[in-house]
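For reference, coords00.csv is printed below; it contains CSV, C-alpha atoms.
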chain,number,residue,atom,x,y,z
A,1,MET,CA,97.4,-94.5,-54.9
A,2,ASP,CA,99.2,-91.2,-54.2
A,3,TYR,CA,96.2,-89.0,-53.5
A,4,PRO,CA,95.9,-86.1,-53.4
A,5,ASN,CA,99.5,-85.4,-54.5
A,6,ASP,CA,98.9,-86.6,-58.1
A,7,GLN,CA,95.4,-85.2,-58.3
A,8,ALA,CA,94.9,-82.8,-61.2
A,9,PRO,CA,92.6,-79.9,-60.2
A,10,GLY,CA,90.1,-80.7,-63.1
A,11,ALA,CA,90.2,-84.5,-62.7
A,12,PRO,CA,87.6,-86.5,-60.8
A,13,VAL,CA,88.3,-86.8,-57.1
A,14,ARG,CA,90.4,-89.9,-56.3
A,15,HIS,CA,90.5,-90.4,-60.1
A,16,GLY,CA,86.9,-91.6,-59.8
A,17,ILE,CA,87.8,-94.6,-57.6
A,18,PRO,CA,85.5,-95.0,-54.6
A,19,GLU,CA,86.9,-95.1,-51.1
A,20,HIS,CA,86.3,-98.9,-50.8
A,21,GLY,CA,88.7,-99.3,-53.8
A,22,ARG,CA,86.5,-101.7,-55.8
A,23,ILE,CA,86.1,-100.6,-59.4
A,24,PRO,CA,84.8,-102.3,-62.6
A,25,LYS,CA,87.6,-104.0,-64.6
A,26,TYR,CA,86.9,-101.9,-67.6
A,27,TYR,CA,87.5,-98.7,-65.6
A,28,ALA,CA,90.9,-99.9,-64.5
A,29,VAL,CA,91.8,-100.5,-68.1
A,30,LYS,CA,90.4,-97.1,-69.0
A,31,ALA,CA,92.7,-95.4,-66.4
A,32,ARG,CA,95.7,-97.2,-67.9
A,33,LEU,CA,94.7,-96.2,-71.4
A,34,ASP,CA,94.2,-92.7,-70.3
A,35,ARG,CA,97.8,-92.6,-69.2
A,36,LEU,CA,98.9,-94.1,-72.5
A,37,VAL,CA,97.0,-91.4,-74.4
A,38,GLU,CA,98.9,-88.7,-72.4
A,39,GLU,CA,102.2,-90.3,-73.4
A,40,LEU,CA,101.2,-90.4,-77.1
A,41,GLY,CA,100.8,-87.4,-79.4
A,42,GLU,CA,97.8,-86.2,-81.4
A,43,GLY,CA,97.2,-88.6,-84.3
A,44,ASP,CA,99.3,-91.4,-82.9
A,45,ALA,CA,97.7,-94.8,-83.2
A,46,LEU,CA,96.7,-97.0,-80.3
A,47,PRO,CA,97.6,-100.7,-80.3
A,48,THR,CA,94.9,-103.0,-81.5
A,49,GLU,CA,92.2,-104.3,-79.2
A,50,ARG,CA,93.9,-107.7,-79.3
A,51,ASP,CA,97.3,-106.2,-78.3
A,52,LEU,CA,95.7,-104.2,-75.5
A,53,SER,CA,93.8,-107.2,-74.1
A,54,GLU,CA,97.0,-109.2,-74.0
A,55,ARG,CA,98.9,-106.3,-72.4
A,56,TYR,CA,96.4,-105.8,-69.7
A,57,ASP,CA,95.4,-109.5,-69.4
A,58,VAL,CA,91.6,-108.8,-69.9
A,59,ALA,CA,88.9,-109.8,-72.4
A,60,ARG,CA,88.7,-107.8,-75.6
A,61,GLU,CA,85.1,-106.7,-74.6
A,62,THR,CA,86.6,-105.1,-71.5
A,63,VAL,CA,89.1,-103.2,-73.6
A,64,ARG,CA,86.3,-102.3,-76.1
A,65,GLN,CA,84.2,-100.8,-73.3
A,66,ALA,CA,87.1,-98.7,-72.0
A,67,LEU,CA,87.8,-97.5,-75.6
A,68,ARG,CA,84.1,-96.6,-76.1
A,69,GLU,CA,84.2,-94.3,-73.1
A,70,LEU,CA,87.4,-92.6,-74.2
A,71,LEU,CA,85.9,-92.1,-77.6
A,72,LEU,CA,82.8,-90.5,-76.1
A,73,GLU,CA,84.9,-88.2,-74.0
A,74,GLY,CA,86.8,-87.1,-77.2
A,75,LYS,CA,90.2,-88.3,-76.1
A,76,LEU,CA,90.3,-90.8,-79.0
A,77,ARG,CA,88.8,-90.9,-82.5
A,78,ARG,CA,88.4,-93.5,-85.1
A,79,GLN,CA,90.6,-93.4,-88.2
A,80,GLY,CA,89.9,-96.0,-90.8
A,81,ARG,CA,89.8,-99.3,-89.0
A,82,GLY,CA,92.0,-98.1,-86.1
A,83,THR,CA,91.9,-95.7,-83.2
A,84,VAL,CA,94.1,-92.7,-82.8
A,85,VAL,CA,94.7,-90.0,-80.2
A,86,ALA,CA,92.4,-87.0,-80.7
A,87,GLY,CA,93.4,-83.4,-80.4
A,88,PRO,CA,92.3,-81.0,-77.6
A,89,LYS,CA,88.7,-80.0,-77.5
A,90,LEU,CA,87.6,-76.6,-78.9
A,91,ALA,CA,86.9,-74.3,-76.0
A,92,GLN,CA,84.0,-72.1,-77.0
A,93,PRO,CA,83.2,-69.0,-74.9
A,94,LEU,CA,79.7,-68.5,-73.7
A,95,SER,CA,79.4,-64.9,-75.0
A,96,LEU,CA,78.0,-62.9,-77.8
A,97,ALA,CA,81.2,-63.5,-79.7
A,98,SER,CA,80.7,-65.5,-82.9
A,99,TYR,CA,81.6,-69.1,-83.6
A,100,THR,CA,84.2,-67.8,-86.1
A,101,GLU,CA,86.0,-65.7,-83.4
A,102,GLY,CA,86.1,-68.6,-80.9
A,103,VAL,CA,87.6,-71.1,-83.3
A,104,ARG,CA,90.1,-68.7,-84.7
A,105,ARG,CA,91.4,-67.8,-81.3
A,106,GLN,CA,92.5,-71.4,-80.9
A,107,GLY,CA,94.5,-71.5,-84.2
A,108,ARG,CA,91.8,-73.5,-86.1
A,109,THR,CA,90.2,-72.5,-89.4
A,110,PRO,CA,86.4,-72.0,-89.0
A,111,GLY,CA,84.0,-72.8,-91.8
A,112,ARG,CA,80.4,-73.6,-92.5
A,113,HIS,CA,78.5,-75.7,-95.0
A,114,LEU,CA,75.0,-74.5,-96.0
A,115,VAL,CA,72.2,-77.0,-95.5
A,116,THR,CA,69.2,-74.8,-96.1
A,117,LEU,CA,68.1,-71.2,-96.4
A,118,ASP,CA,64.4,-70.7,-96.7
A,119,ARG,CA,61.6,-68.4,-95.5
A,120,PHE,CA,58.2,-69.0,-94.0
A,121,PRO,CA,55.6,-67.2,-91.9
A,122,CYS,CA,56.6,-67.0,-88.2
A,123,PRO,CA,54.8,-69.7,-86.2
A,124,GLN,CA,53.2,-69.0,-82.8
A,125,ALA,CA,55.9,-70.8,-80.8
A,126,LEU,CA,58.7,-68.8,-82.4
A,127,ALA,CA,56.8,-65.5,-82.0
A,128,ALA,CA,56.1,-66.2,-78.3
A,129,GLU,CA,59.8,-67.0,-77.6
A,130,THR,CA,61.3,-64.1,-79.5
A,131,GLY,CA,58.8,-61.3,-79.5
A,132,LEU,CA,58.4,-61.4,-83.3
A,133,THR,CA,54.9,-61.1,-84.8
A,134,ARG,CA,53.1,-64.3,-85.7
A,135,GLY,CA,52.9,-64.7,-89.5
A,136,GLU,CA,55.6,-62.2,-90.4
A,137,PRO,CA,58.2,-63.6,-92.8
A,138,VAL,CA,61.3,-65.1,-91.1
A,139,TRP,CA,64.4,-66.7,-92.5
A,140,HIS,CA,65.7,-70.1,-91.4
A,141,LEU,CA,69.4,-70.5,-92.0
A,142,GLU,CA,70.8,-74.0,-91.3
A,143,ARG,CA,74.6,-74.7,-91.5
A,144,VAL,CA,77.0,-77.4,-90.6
A,145,LEU,CA,79.9,-76.0,-88.5
A,146,LEU,CA,83.4,-76.8,-89.5
A,147,ALA,CA,86.8,-76.6,-87.8
A,148,ASP,CA,89.7,-77.3,-90.1
A,149,ASP,CA,87.2,-79.0,-92.4
A,150,ASP,CA,86.0,-81.3,-89.6
A,151,ARG,CA,82.3,-81.3,-89.0
A,152,VAL,CA,81.8,-80.3,-85.4
A,153,GLY,CA,78.3,-78.9,-85.1
A,154,LEU,CA,75.0,-77.9,-86.6
A,155,GLU,CA,73.4,-74.4,-86.3
A,156,SER,CA,69.9,-73.1,-87.1
A,157,THR,CA,69.3,-69.4,-87.1
A,158,TYR,CA,65.8,-67.7,-87.3
A,159,ILE,CA,65.6,-64.0,-88.0
A,160,ALA,CA,62.9,-61.7,-89.4
A,161,VAL,CA,63.1,-61.1,-93.2
A,162,ALA,CA,62.5,-57.4,-92.5
A,163,ARG,CA,65.8,-57.2,-90.6
A,164,VAL,CA,67.9,-58.7,-93.4
A,165,PRO,CA,65.8,-58.7,-96.6
A,166,ARG,CA,68.7,-59.6,-98.9
A,167,LEU,CA,70.0,-62.5,-96.9
A,168,ASP,CA,69.5,-64.9,-99.8
A,169,ILE,CA,71.3,-62.6,-102.2
A,170,ASP,CA,74.3,-61.0,-100.6
A,171,PHE,CA,75.2,-63.3,-97.7
A,172,GLU,CA,78.0,-65.8,-98.2
A,173,PRO,CA,76.8,-69.0,-96.4
A,174,ASP,CA,80.3,-70.1,-95.4
A,175,SER,CA,81.1,-66.7,-93.7
A,176,SER,CA,80.3,-65.3,-90.2
A,177,PHE,CA,76.6,-64.3,-89.9
A,178,TYR,CA,77.5,-61.9,-87.0
A,179,ALA,CA,80.0,-60.1,-89.3
A,180,TYR,CA,77.2,-59.8,-91.9
A,181,LEU,CA,74.8,-58.3,-89.4
A,182,HIS,CA,77.4,-55.8,-88.3
A,183,ALA,CA,78.0,-54.9,-91.9
A,184,GLN,CA,74.2,-54.2,-92.1
A,185,GLY,CA,74.5,-51.8,-89.2
A,186,ILE,CA,72.9,-54.2,-86.7
A,187,GLY,CA,74.6,-54.5,-83.3
A,188,PHE,CA,74.0,-57.0,-80.6
A,189,GLY,CA,72.7,-55.8,-77.3
A,190,ASP,CA,72.1,-58.8,-75.0
A,191,ALA,CA,71.0,-62.4,-75.2
A,192,ASP,CA,69.5,-65.2,-73.1
A,193,GLU,CA,71.1,-68.7,-73.4
A,194,ARG,CA,70.3,-72.1,-72.2
A,195,LEU,CA,72.6,-75.1,-72.4
A,196,GLU,CA,71.7,-78.8,-72.2
A,197,THR,CA,73.0,-82.2,-73.2
A,198,VAL,CA,71.0,-84.2,-75.8
A,199,LEU,CA,71.5,-87.1,-78.2
A,200,ALA,CA,71.5,-86.2,-81.9
A,201,THR,CA,68.5,-87.1,-84.0
A,202,PRO,CA,69.3,-89.5,-87.0
A,203,ARG,CA,69.2,-86.5,-89.3
A,204,GLU,CA,71.5,-84.4,-87.2
A,205,ALA,CA,73.9,-87.3,-86.7
A,206,LEU,CA,74.1,-87.8,-90.5
A,207,LEU,CA,74.8,-84.1,-91.1
A,208,VAL,CA,77.4,-83.8,-88.4
A,209,GLY,CA,78.9,-87.2,-89.1
A,210,THR,CA,78.5,-88.8,-85.7
A,211,PRO,CA,76.9,-91.9,-84.3
A,212,PRO,CA,73.3,-91.2,-83.1
A,213,GLY,CA,74.2,-92.2,-79.5
A,214,LEU,CA,77.0,-89.6,-79.2
A,215,PRO,CA,76.1,-86.9,-76.5
A,216,MET,CA,75.8,-83.4,-77.9
A,217,LEU,CA,75.9,-80.0,-76.3
A,218,LEU,CA,72.9,-77.9,-77.3
A,219,ILE,CA,72.7,-74.2,-76.9
A,220,HIS,CA,69.5,-72.2,-77.3
A,221,ARG,CA,70.0,-68.4,-77.8
A,222,VAL,CA,67.5,-65.6,-78.1
A,223,SER,CA,69.3,-62.3,-78.8
A,224,ARG,CA,68.3,-58.7,-79.1
A,225,ASP,CA,69.8,-55.7,-80.7
A,226,THR,CA,71.2,-52.6,-79.0
A,227,ASP,CA,67.6,-51.1,-78.9
A,228,GLY,CA,66.3,-54.2,-77.1
A,229,ARG,CA,64.3,-55.4,-80.2
A,230,PRO,CA,64.3,-59.1,-81.0
A,231,LEU,CA,67.0,-60.1,-83.4
A,232,GLU,CA,67.6,-63.8,-83.8
A,233,ARG,CA,66.8,-67.2,-82.3
A,234,VAL,CA,69.6,-69.7,-82.6
A,235,ARG,CA,69.8,-73.5,-82.0
A,236,SER,CA,73.4,-74.6,-81.9
A,237,LEU,CA,74.3,-78.3,-81.6
A,238,TYR,CA,78.0,-79.1,-80.8
A,239,ARG,CA,79.7,-82.5,-80.7
A,240,GLY,CA,80.2,-83.4,-77.0
A,241,ASP,CA,83.5,-85.1,-77.9
A,242,ARG,CA,85.0,-82.0,-79.6
A,243,PHE,CA,83.7,-79.1,-77.5
A,244,SER,CA,83.9,-77.6,-74.1
A,245,PHE,CA,82.5,-74.2,-73.1
A,246,THR,CA,84.0,-71.4,-71.0
A,247,ALA,CA,82.5,-68.5,-69.2
A,248,HIS,CA,84.0,-65.6,-67.1
A,249,LEU,CA,81.9,-64.9,-64.0
A,250,LYS,CA,82.0,-61.8,-61.8
A,251,GLY,CA,80.6,-61.4,-58.3
Can I see the file as structure tokens?
Amino acid sequence: MDYPNDQAPGAPVRHGIPEHGRIPKYYAVKARLDRLVEELGEGDALPTERDLSERYDVARETVRQALRELLLEGKLRRQGRGTVVAGPKLAQPLSLASYTEGVRRQGRTPGRHLVTLDRFPCPQALAAETGLTRGEPVWHLERVLLADDDRVGLESTYIAVARVPRLDIDFEPDSSFYAYLHAQGIGFGDADERLETVLATPREALLVGTPPGLPMLLIHRVSRDTDGRPLERVRSLYRGDRFSFTAHLKG
């Protein structure tokens, strides 16, 4: 192996192969499939499992395991009964920019599908986390996130009814919530975010259209307005095979 001359900066060191050179058979097949994916274009179909097992002289289960990992990594996707090359992941910035802005910057069409919009008294846990008052009315806005009509995430937003009392009347659920807040004269000051990996619950997997075992990227955000007052609490769940996140850091 020509290392490090053929080592891409963002790739695993030594292509993930340990120094002793012994690797599982499925991983060797995965590496060859990875190169095949790079040669093909988005939407191009892969050969069948039978054809791949004959090409690489391995069992079909070995090919199946390699394909499963590439599917989880978002390099492939299922289409009908076959497997095709997936497009590049959506790179979402970790910033106070909205989901809409991030998707549009990449030439995709953002959208949202309303799951629920209801109101209830603020529970103690939410009050403690946001600084809202326990028992005050809060909205819960839950929407499926779309990119070019593909379901890619699920977002829950909690905000005091007093801040946006007409949310259920004059807000278009498929539009940007941040644009709506700006139109109400509400500006964002700062926010705290926490990112973790999780598995989707059965309900979340059904709403987003993914297998329950698919890794998801979960972002918790608590934001404040320009006066430092609590504004919203957001739980955003993104498909791990369709999203990556970027951040600009300064020393």
Worksheet entry | Nearest to Asp190 (chain A) by atom-to-atom distance, counting all atoms listed in the file, from A:Thr133, A:Thr226, A:Ser176, A:Ser156 |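 Ranked by minimum distance to Asp190 (chain A), first place goes to A:Thr226.
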Discussion item. So, with only C-alpha atoms as the atoms that count, which of A:Asp149, A:Glu42, A:Asp192, A:Glu232 lies closest to Val84 (chain A)?
Written reply: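 Comparing A:Asp149, A:Glu42, A:Asp192, A:Glu232 against Val84 (chain A), the winner is A:Glu42.
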Practice prompt. State, in Å with one decimal place, the distance from CA of Ala127 (chain A) to CA of Leu195 (chain A).
Written response: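 So the two atoms, CA of Ala127 (chain A) and CA of Leu195 (chain A), lie 20.8 Å apart.
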Item to complete: Just give me the residues with any atom within 10 Å of (77.9, -88.8, -85.0), file coordinates, counting all atoms listed in the file, written as a PyMOL selection string.
Response: chain A and resi 151-153+199-216+239-241
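Within 12 Å of the point (95.6, -106.7, -81.3) in file coordinates, and counting only C-alpha atoms, lie the residues Leu46, Pro47, Thr48, Glu49, Arg50, Asp51, Leu52, Ser53, Glu54, Arg55, Tyr56, Ala59, Arg60, Val63, Arg64, Gly82 and Thr83 of chain A.
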Item to complete: Have a look at A:Ile159, A:Pro88, A:Thr62, A:Ala31 and name the one nearest to Thr130 (chain A); count all atoms listed in the file.
Response: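 So, comparing all the options, the nearest one is A:Ile159.
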Discussion item. Report, in Å with one decimal, the straight-line distance from CA of His182 (chain A) to CA of Leu231 (chain A).
Written reply: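 Interatomic distance, CA of His182 (chain A) to CA of Leu231 (chain A): 12.3 Å.
Taking CA of Arg224 (chain A) and CA of Phe188 (chain A) as the two end points, the separation is 6.1 Å.
Nearest-residue note for Ile186 (chain A): choosing from A:Asp118, A:Asp225, A:Glu142, A:Asp150, the minimum distance belongs to A:Asp225, counting all atoms listed in the file.
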Discussion item. So, with all atoms listed in the file as the atoms that count, which of A:Leu218, A:Asp148, A:Val161, A:Arg229 lies closest to Gly189 (chain A)?
Written reply: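 Once distances to Gly189 (chain A) are computed over all atoms listed in the file, the minimum belongs to A:Arg229.
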Discussion item. Nearest residue to Thr116 (chain A) out of A:Gly228, A:Gly74, A:Pro173, A:Pro24, using all atoms listed in the file?
Written reply: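 The answer is A:Pro173, which sits nearest to Thr116 (chain A).
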